[in-house]
Each structure stands twice: as structure tokens, then as C-alpha cells.
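J.: First the structure, then my questions, so here it is.
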Amino acid sequence: MNVNRILPLMLLLVLFASCSRKYKVEGVSSVTSLDGKMLYLKTLRDGQWIAIDSAEVVHGLFSTSGPSDSVMMVTLYMNDEAIMPLVLENGKIEVSISNSQLTAKGTPLNNALYEFIEKRNSLELKIEELEKKEARMVLDGAALDDHEQLTQEGEALVKEMNDYIKEFISTNYENVLGPSVFMMMCSTLPYPIMTPQIEDIIRTAPQTFKSSPLVREFLDKAKENMKLIEEHRRMEESGKINN
């Protein structure tokens with residue numbers, strides 16, 4: 001067997017496989033204000049949003065492509081305005097932007113991400129409608145039993161949404177979706193803190209998830225804040241006892 005002939009062939013195969021892995025973003029927009037504007041794919045590095053690719057919207061269409069050596073979570077921006085998250089991975093990513101909906105499909109992780117976003121938005125809408133219904137009932141002077149029934153329905157919906165978020169994150173612990181959706185969830189908090197839902201997610205998370213830079217930074221700050229809150233609580237209780 002001639003090793004000198006085999007090695008160049010193997011290197012060529014590796015190079016060919018590497019070059020063949022590409023992402024292609026093909027977008028369509030019905031938002032007229034985007035026409036003629038530049039869109040940017042940005043990723044978060046060391047606390048800064050770095051542009052890694054761009055495309056101009058021409059007559060409602062835009063496209064861009066590049067090598068996909070590794071899967072990367074990015075955000076589609078217009079100038080400094082974030083529009084939507086995307087996963088840059090091997091394959092064609094079809095993006096649709098309208099005033100009522102944002103979607104990305106065509107590759108496995110983008111399909112999973114936007115299926116998750118659609119269901120989460122649906123549950124949030126049901127919760128909002130229930131809250132509006134309860135507010136109307138208060139104004140109409142509805143019976144207490146009716147309020148209790150709505151409260152139970154609301155608690156069931158919140159539990160369903162929290163369980164769904166946890167299931168999605170845990171299913172994607174080992175890829176970019178788990179940490180990214182976890183951070184989306186945490187971004188709704190006023191400041192980093194360990195809530196029961198977050199503790200539940202972290203309890204079963206593998207080290208690879210907890211070691212993700214953004215997750216690790218959040219957890220460190222959340223634990224520091226919890227210590228400050230606990231210290232403040234002890235000082236308050238001590239002051240009450242002394243008084």
C-alpha cells in the first residue's frame with residue numbers, strides 16, 4: 001500500500017467535505033421600510049455584537065451565504081435594531097419577514113427554534129386573553145367562583161408554558177438552542193436571579209450547558225445577587241429583632 005498516495009487523497013476528501021458545508025440564507029420581506037436597507041448577521045462575542053455577514057434587501061428579497069464549519073447562533077439586525085434570531089448551519093435557511101410574523105425554516109435547528117417560538121407565542125397569547133377576560137369580569141362584577149375558575153385556568157397555562165420551555169431547553173442542552181433559549185427566558189427578568197424555574201433547569205443540565213459562556217456569566221451574577229438578597233433579608237430581620 002502506497003501511503004504517499006493515500007495521504008494526499010485523504011486530505012483532499014477532508015478539504016472537499018469542509019468546503020461543501022455552507023449556509024445559505026434566502027429571505028423575503030413584505031415590510032416596505034426594509035427595502036434598500038442592509039441587514040446584518042451578528043453574533044455575540046465578549047459582550048459585543050459582531051457582524052459576520054450582510055445582505056441588501058432589494059425588492060423585498062435578500063440572500064447571503066458562507067462556510068458553515070460550525071453551528072452558530074446569530075441575530076438578524078437592521079443597523080442596531082435586532083429583528084430575529086437564526087441558527088447558521090449547513091443548508092438553505094428560508095427567512096420570511098412580515099409585520100405580523102417572523103419565521104426561519106429549512107434546516108433542522110431553525111425548524112425546531114421557530115416551532116418552539118410559535119408554540120410559546122400561542123401560549124402567551126392564551127394567557128393574555130385570560131387576563132383580559134378576568135379584568136372584564138371584575139368590571140362586570142362576576143361571581144367569586146368564576147374568578148377562581150379563571151385563576152386555575154391561568155395557573156394551568158403558565159405551568160404548561162414553563163414545562164414546555166424546560167422540555168425544549170433540556171432536549172437541546174447539547175446544541176446552541178439550549179443556551180440560547182435559556183438566555184431568552186432569562187432576559188425577561190429585571191436582573192439575574194435564581195428563580196425556581198431556572199434552578200429546575202440547571203439541576204439536570206450537563207456541564208457543557210452550564211459551561212456555555214453566556215449561561216455561566218448569568219449563573220455567576222444570579223448567585224451573587226442571591227447572596228446580596230439573602231444578606232439584605234438577614235439584616236432586615238436582625239433590625240426587627242433589635243427593635
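In the C-alpha cells, chains take letters A, B, ... by order of appearance, with residues numbered from 1 within each chain and ligands from 1 in the order shown.
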Dump as JSON lines the rows for residues of segment 45-151 of chain A within 12 Å of segment 184-190 of chain A: closest atom pair and distance in Å with one decimal, only C-alpha atoms counted, ordered by chain and rising residue number.
T.:
```
{"residue": "A:Met84", "atom": "CA", "partner": "A:Met184", "partner_atom": "CA", "distance": 11.8}
{"residue": "A:Pro85", "atom": "CA", "partner": "A:Met184", "partner_atom": "CA", "distance": 10.3}
{"residue": "A:Leu113", "atom": "CA", "partner": "A:Met184", "partner_atom": "CA", "distance": 11.8}
{"residue": "A:Ile117", "atom": "CA", "partner": "A:Met184", "partner_atom": "CA", "distance": 10.7}
{"residue": "A:Arg120", "atom": "CA", "partner": "A:Met185", "partner_atom": "CA", "distance": 11.0}
```
J.: Report as a PyMOL selection string all protein, DNA and RNA residues lying within 8 Å of Asp53 of chain A, evaluated on only C-alpha atoms, omitting residues in the same chain fewer than 5 positions from it.
T.: chain A and resi 40-42+64
J.: Quick check, in Å to one decimal: how far apart do atom CA of Gln197 of chain A and atom CA of Ala156 of chain A lie?
T.: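 Separation of atom CA of Gln197 of chain A and atom CA of Ala156 of chain A: 15.1 Å.
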J.: Using DSSP on the backbone, list every residue of segment 3-215 of chain A that comes out as strand (DSSP E), and give them as JSON, numbers by chain.
T.: {"A": [22, 23, 24, 25, 26, 27, 28, 29, 38, 39, 40, 41, 42, 43, 44, 45, 48, 49, 50, 51, 52, 53, 54, 55, 56, 61, 62, 63, 64, 65, 66, 67, 72, 73, 74, 75, 76, 77, 78, 81, 82, 83, 84, 85, 86, 87, 88, 91, 92, 93, 94, 95, 96, 97, 102, 103, 104, 105]}
J.: Write out as a PyMOL selection string all residues of segment 7-216 of chain A that backbone DSSP assigns to alpha helix (DSSP H).
T.: chain A and resi 7-20+108-140+144-171+177-186+196-203+207-210+213-216
J.: Got a sec: who's within 9 Å of segment 201-206 of chain A, counting only C-alpha atoms, leaving out chain neighbours fewer than 4 positions off, as a list in words?
T.: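 These residues fall inside the cut-off: Lys166, Glu167, Ile169, Ser170, Tyr173, Glu174, Phe182, Pro196, Gln197, Lys210 and Ser211 of chain A.
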J.: Keeping only C-alpha atoms, write the selected residues as an mmCIF file, in the first residue's frame.
T.:
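Final output, again14.cif:
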```cif
data_model
loop_
_atom_site.group_PDB
_atom_site.id
_atom_site.type_symbol
_atom_site.label_atom_id
_atom_site.label_comp_id
_atom_site.auth_asym_id
_atom_site.auth_seq_id
_atom_site.Cartn_x
_atom_site.Cartn_y
_atom_site.Cartn_z
ATOM 1 C CA LYS A 166 -37.933 23.433 30.272
ATOM 2 C CA GLU A 167 -38.524 20.430 27.984
ATOM 3 C CA ILE A 169 -34.099 23.549 26.730
ATOM 4 C CA SER A 170 -33.341 20.108 28.188
ATOM 5 C CA TYR A 173 -28.810 21.035 26.225
ATOM 6 C CA GLU A 174 -26.016 19.863 23.916
ATOM 7 C CA PHE A 182 -32.340 29.744 28.239
ATOM 8 C CA PRO A 196 -37.403 28.081 40.877
ATOM 9 C CA GLN A 197 -37.764 27.539 37.107
ATOM 10 C CA LYS A 210 -23.527 25.240 32.366
ATOM 11 C CA SER A 211 -20.099 26.000 30.882
#
```
J.: Name all residues at most 12 Å from Thr103 of chain A (count only C-alpha atoms; drop same-chain ones fewer than 2 positions away) and give them as an MDAnalysis selection string.
T.: chainID A and resid 26:29 76 83:87 93:101 105:106 110:118
